[in-house]
2 protein chains.
Amino acid sequence: MTEPLDPDMFDPVCPSSAMPFQIGDKWTGMIVRCLAAGPRRFTELRVPLRTITPKVLTATLRAMRRDGLVTRTAYDENPPRVEYELTELGRSMLILIDAACAWSEQYLPAILEARRASELTTSGEPERLKPPITSNSQIKAHKAEITR
Amino acid sequence: MTEPLDPDMFDPVCPSSAMPFQIGDKWTGMIVRCLAAGPRRFTELRVPLRTITPKVLTATLRAMRRDGLVTRTAYDENPPRVEYELTELGRSMLILIDAACAWSEQYLPAILEARRASELTTSGEPERLKPPITSNSQIKAHKAEITR
DNA sequence: CAGAATCCTCCCGGATACTG
DNA sequence: CAGTATCCGGGAGGATTCTG
């Protein structure tokens with residue numbers, strides 16, 4: 001079996017807010033990563049995504065199904081069980097996501113440094129760049145940084 | 001000199017709305033592409049981006065400056081002239097963007113087909129996936145398609 | 001030409017229930 | 001467990017106008 005997802009793989013403590021890449025909508029990229037190792041069930045996905053609401057998760061998964069990125073399989077059991085799995089198309093996004101993670105891992109420090117050094121307040125458009133594709137090593141590095 | 005930007009390089013007629021990738025915020029990726037061939041001035045950037053408002057362009061460029069992606073050079077002339085140019089950091093994003101473009105070019109038809117074939121209305125979250133990283137060949141292919 | 005200043009709208013998506 | 005049903009606020013970003 002596929003091992004359980006790391007609950008902290010998208011921990012809000014990670015530098016998500018600084019990451020300049022987004023795959024699909026806000027959650028799609030992260031969901032693809034969660035499904036990389038194998039099929040997952042609805043609630044299982046909610047764990048690492050943590051702040052996602054059922055409504056939004058449902059909507060996102062439905063959009064991904066419609067676009068042929070994931071399949072949904074409902075098992076007639078009790079309690080009900082539903083599994084989501086990447087299609088070939090969905091799987092093909094993984095290389096992109098990995099590339100984005102690699103880029104971020106390499107250059108994010110430079111961005112943060114530039115930001116620190118900058119006088120620009122970006123007044124109006126605040127210090128946020130759109131959401132998160134996050135690699136685990138990043139998260140850990142960042143955790144180590146803020147903990148110290 | 002660098003040749004003028006193709007006004008249609010981000011033509012709204014292109015399948016932007018179906019593209020599942022976004023670099024930075026809504027416009028950052030496109031701006032990086034516009035600057036790939038060399039420095040550009042403010043108004044020059046407005047041409048291919050067309051629907052962008054000065055306010056948003058200013059804000060986006062400022063955020064990009066703050067993050068060390070572009071530099072701004074103001075020439076003391078009359079009329080005023082300001083040029084934006086990619087930094088090394090900004091330039092490093094190009095490979096990512098190219099990869100995203102390549103992916104889209106390869107798989108976008110599959111997404112559109114899946115979408116066409118799908119019964120899912122995604123009721124609630126509509127038939128849109130977030131914005132645009134767009135390659136020229138895509139645009140032309142799509143134009144040819146809808147024109148016929 | 002290169003923005004700054006205002007106002008305003010839309011809609012994403014979060015919160016909080018409830019159900020088969 | 002795997003969702004649906006409502007309600008609702010905030011903030012990105014468009015439209016418009018004005019200026020050095």
# chains A, B, ... in the order shown; residues from 1 in each chain; ligands from 1

$ closest_atom_pairs --of "chain C" --to "chain B" --cutoff "12 Å" --atoms "only C-alpha atoms (C1' of nucleotides)" --output "JSON lines"
{"residue": "C:DC1", "atom": "C1'", "partner": "B:Pro80", "partner_atom": "CA", "distance": 5.6}
{"residue": "C:DA2", "atom": "C1'", "partner": "B:Phe42", "partner_atom": "CA", "distance": 6.9}
{"residue": "C:DG3", "atom": "C1'", "partner": "B:Pro54", "partner_atom": "CA", "distance": 7.2}
{"residue": "C:DA4", "atom": "C1'", "partner": "B:Lys55", "partner_atom": "CA", "distance": 8.2}
{"residue": "C:DA5", "atom": "C1'", "partner": "B:Lys55", "partner_atom": "CA", "distance": 9.8}
{"residue": "C:DT6", "atom": "C1'", "partner": "B:Lys55", "partner_atom": "CA", "distance": 11.5}
{"residue": "C:DC11", "atom": "C1'", "partner": "B:Glu125", "partner_atom": "CA", "distance": 10.4}
{"residue": "C:DC12", "atom": "C1'", "partner": "B:Glu125", "partner_atom": "CA", "distance": 9.2}
{"residue": "C:DG13", "atom": "C1'", "partner": "B:Glu125", "partner_atom": "CA", "distance": 10.2}

$ residues_around --residues "Arg115 (chain B)" --least-positions-apart "6" --cutoff "8 Å" --atoms "only C-alpha atoms (C1' of nucleotides)" --output "PyMOL selection string"
chain A and resi 66-68

$ write_last_selection --atoms "all heavy atoms" --output "CSV table (one decimal), in the first residue's frame"
chain,number,residue,atom,x,y,z
A,66,ARG,N,-13.2,16.6,-14.6
A,66,ARG,CA,-13.7,17.1,-15.9
A,66,ARG,C,-12.6,17.4,-16.9
A,66,ARG,O,-12.8,17.2,-18.1
A,66,ARG,CB,-14.5,18.4,-15.7
A,66,ARG,CG,-15.4,18.9,-16.8
A,66,ARG,CD,-15.4,20.4,-16.8
A,66,ARG,NE,-14.1,20.9,-16.6
A,66,ARG,CZ,-13.9,22.2,-16.4
A,66,ARG,NH1,-14.9,23.1,-16.4
A,66,ARG,NH2,-12.7,22.7,-16.2
A,67,ASP,N,-11.5,17.8,-16.4
A,67,ASP,CA,-10.3,18.1,-17.3
A,67,ASP,C,-9.5,16.8,-17.5
A,67,ASP,O,-8.5,16.9,-18.2
A,67,ASP,CB,-9.5,19.2,-16.7
A,67,ASP,CG,-10.2,20.5,-16.8
A,67,ASP,OD1,-11.2,20.6,-17.5
A,67,ASP,OD2,-9.7,21.5,-16.2
A,68,GLY,N,-9.9,15.7,-17.0
A,68,GLY,CA,-9.2,14.5,-17.3
A,68,GLY,C,-7.9,14.3,-16.5
A,68,GLY,O,-7.1,13.5,-16.9

$ residues_around --residues "DT9 (chain C)" --least-positions-apart "4" --cutoff "12 Å" --atoms "only C-alpha atoms (C1' of nucleotides)" --output "PDB file with N, CA, C and O atoms (P, O5', C5', C4', C3', O3' and C1' of nucleotides), in the first residue's frame"
ATOM      1  P    DG D  11      -8.418  41.356   2.900  1.00  0.00           P
ATOM      2  O5'  DG D  11      -7.629  40.843   1.633  1.00  0.00           O
ATOM      3  C5'  DG D  11      -8.095  39.698   0.914  1.00  0.00           C
ATOM      4  C4'  DG D  11      -8.154  39.996  -0.575  1.00  0.00           C
ATOM      5  C3'  DG D  11      -7.263  41.156  -1.035  1.00  0.00           C
ATOM      6  O3'  DG D  11      -6.668  40.804  -2.253  1.00  0.00           O
ATOM      7  C1'  DG D  11      -9.430  41.508  -1.775  1.00  0.00           C
ATOM      8  P    DA D  12      -5.230  41.310  -2.665  1.00  0.00           P
ATOM      9  O5'  DA D  12      -5.104  40.872  -4.186  1.00  0.00           O
ATOM     10  C5'  DA D  12      -5.459  39.531  -4.540  1.00  0.00           C
ATOM     11  C4'  DA D  12      -6.248  39.518  -5.841  1.00  0.00           C
ATOM     12  C3'  DA D  12      -5.563  40.242  -6.999  1.00  0.00           C
ATOM     13  O3'  DA D  12      -5.790  39.522  -8.192  1.00  0.00           O
ATOM     14  C1'  DA D  12      -7.666  41.241  -6.590  1.00  0.00           C
ATOM     15  P    DG D  13      -4.839  39.817  -9.459  1.00  0.00           P
ATOM     16  O5'  DG D  13      -5.708  40.854 -10.309  1.00  0.00           O
ATOM     17  C5'  DG D  13      -7.041  40.534 -10.645  1.00  0.00           C
ATOM     18  C4'  DG D  13      -7.797  41.796 -11.012  1.00  0.00           C
ATOM     19  C3'  DG D  13      -7.012  42.811 -11.880  1.00  0.00           C
ATOM     20  O3'  DG D  13      -7.856  43.274 -12.886  1.00  0.00           O
ATOM     21  C1'  DG D  13      -8.035  43.891 -10.140  1.00  0.00           C
ATOM     22  P    DG D  14      -7.500  43.114 -14.421  1.00  0.00           P
ATOM     23  O5'  DG D  14      -8.665  43.940 -15.140  1.00  0.00           O
ATOM     24  C5'  DG D  14      -9.988  43.440 -15.138  1.00  0.00           C
ATOM     25  C4'  DG D  14     -10.974  44.577 -15.000  1.00  0.00           C
ATOM     26  C3'  DG D  14     -10.766  45.742 -15.963  1.00  0.00           C
ATOM     27  O3'  DG D  14     -11.994  46.042 -16.627  1.00  0.00           O
ATOM     28  C1'  DG D  14     -10.929  46.551 -13.736  1.00  0.00           C
ATOM     29  P    DA D  15     -11.981  46.952 -17.920  1.00  0.00           P
ATOM     30  O5'  DA D  15     -12.582  48.328 -17.371  1.00  0.00           O
ATOM     31  C5'  DA D  15     -13.646  48.303 -16.422  1.00  0.00           C
ATOM     32  C4'  DA D  15     -14.103  49.734 -16.134  1.00  0.00           C
ATOM     33  C3'  DA D  15     -13.736  50.751 -17.207  1.00  0.00           C
ATOM     34  O3'  DA D  15     -14.820  51.655 -17.398  1.00  0.00           O
ATOM     35  C1'  DA D  15     -12.746  51.377 -15.140  1.00  0.00           C
TER      36       DA D  15
END

$ interface_residues --of "chain B" --to "chain A" --cutoff "6 Å" --atoms "only C-alpha atoms" --output "VMD selection string"
chain B and resid 20 to 25 62 to 63 66 to 68 111 114 to 115 118 120 122 130

$ closest_atom_pairs --of "chain D" --to "chain A" --cutoff "8 Å" --atoms "only C-alpha atoms (C1' of nucleotides)" --output "JSON lines"
{"residue": "D:DC1", "atom": "C1'", "partner": "A:Pro80", "partner_atom": "CA", "distance": 5.6}
{"residue": "D:DA2", "atom": "C1'", "partner": "A:Phe42", "partner_atom": "CA", "distance": 6.9}
{"residue": "D:DG3", "atom": "C1'", "partner": "A:Pro54", "partner_atom": "CA", "distance": 7.3}

$ residues_around --residues "region 14-20 of chain C" --least-positions-apart "2" --cutoff "8 Å" --atoms "only C-alpha atoms (C1' of nucleotides)" --output "list of chain:residue names"
A:Thr53, D:DT4, D:DA5

$ select_by_dssp --residues "region 11-88 of chain B" --states "alpha helix (DSSP H)" --output "list of chain:residue names"
B:Thr28, B:Gly29, B:Met30, B:Ile31, B:Val32, B:Arg33, B:Cys34, B:Phe42, B:Thr43, B:Glu44, B:Leu45, B:Arg46, B:Val47, B:Pro48, B:Leu49, B:Pro54, B:Lys55, B:Val56, B:Leu57, B:Thr58, B:Ala59, B:Thr60, B:Leu61, B:Arg62, B:Ala63, B:Met64, B:Arg65, B:Arg66, B:Glu88

$ write_last_selection --atoms "C-alpha atoms" --output "mmCIF file, in the first residue's frame"
data_model
loop_
_atom_site.group_PDB
_atom_site.id
_atom_site.type_symbol
_atom_site.label_atom_id
_atom_site.label_comp_id
_atom_site.auth_asym_id
_atom_site.auth_seq_id
_atom_site.Cartn_x
_atom_site.Cartn_y
_atom_site.Cartn_z
ATOM 1 C CA THR B 28 3.950 37.983 -14.004
ATOM 2 C CA GLY B 29 4.515 35.054 -16.309
ATOM 3 C CA MET B 30 3.403 36.956 -19.363
ATOM 4 C CA ILE B 31 5.530 39.915 -18.465
ATOM 5 C CA VAL B 32 8.578 37.731 -18.112
ATOM 6 C CA ARG B 33 7.939 36.396 -21.566
ATOM 7 C CA CYS B 34 7.552 39.897 -22.937
ATOM 8 C CA PHE B 42 5.975 50.593 -19.928
ATOM 9 C CA THR B 43 3.644 51.261 -22.820
ATOM 10 C CA GLU B 44 5.338 48.674 -24.928
ATOM 11 C CA LEU B 45 4.318 46.069 -22.396
ATOM 12 C CA ARG B 46 0.750 47.206 -22.472
ATOM 13 C CA VAL B 47 0.416 46.205 -26.116
ATOM 14 C CA PRO B 48 0.478 42.429 -25.906
ATOM 15 C CA LEU B 49 -1.042 42.416 -22.446
ATOM 16 C CA PRO B 54 -1.792 50.849 -15.949
ATOM 17 C CA LYS B 55 -2.521 50.506 -12.288
ATOM 18 C CA VAL B 56 -2.153 46.762 -12.318
ATOM 19 C CA LEU B 57 0.857 46.832 -14.603
ATOM 20 C CA THR B 58 2.559 49.261 -12.268
ATOM 21 C CA ALA B 59 1.738 47.173 -9.255
ATOM 22 C CA THR B 60 2.899 43.972 -10.901
ATOM 23 C CA LEU B 61 6.141 45.485 -12.108
ATOM 24 C CA ARG B 62 6.774 46.902 -8.689
ATOM 25 C CA ALA B 63 6.258 43.532 -7.057
ATOM 26 C CA MET B 64 8.589 42.005 -9.611
ATOM 27 C CA ARG B 65 11.200 44.620 -8.877
ATOM 28 C CA ARG B 66 10.897 44.040 -5.201
ATOM 29 C CA GLU B 88 19.350 37.024 -13.914
#

$ atom_distance --atom1 "CA of Gly38 (chain B)" --atom2 "CA of Thr2 (chain B)"
6.3 Å

$ atom_distance --atom1 "CA of Gln106 (chain B)" --atom2 "CA of Trp27 (chain A)"
22.4 Å

$ atom_distance --atom1 "CA of Phe10 (chain A)" --atom2 "CA of Thr51 (chain A)"
9.8 Å

$ closest_residue --among "A:Glu105, A:Asp76, A:Leu5, A:Leu86" --to "Leu35 (chain A)" --atoms "only C-alpha atoms"
A:Leu86
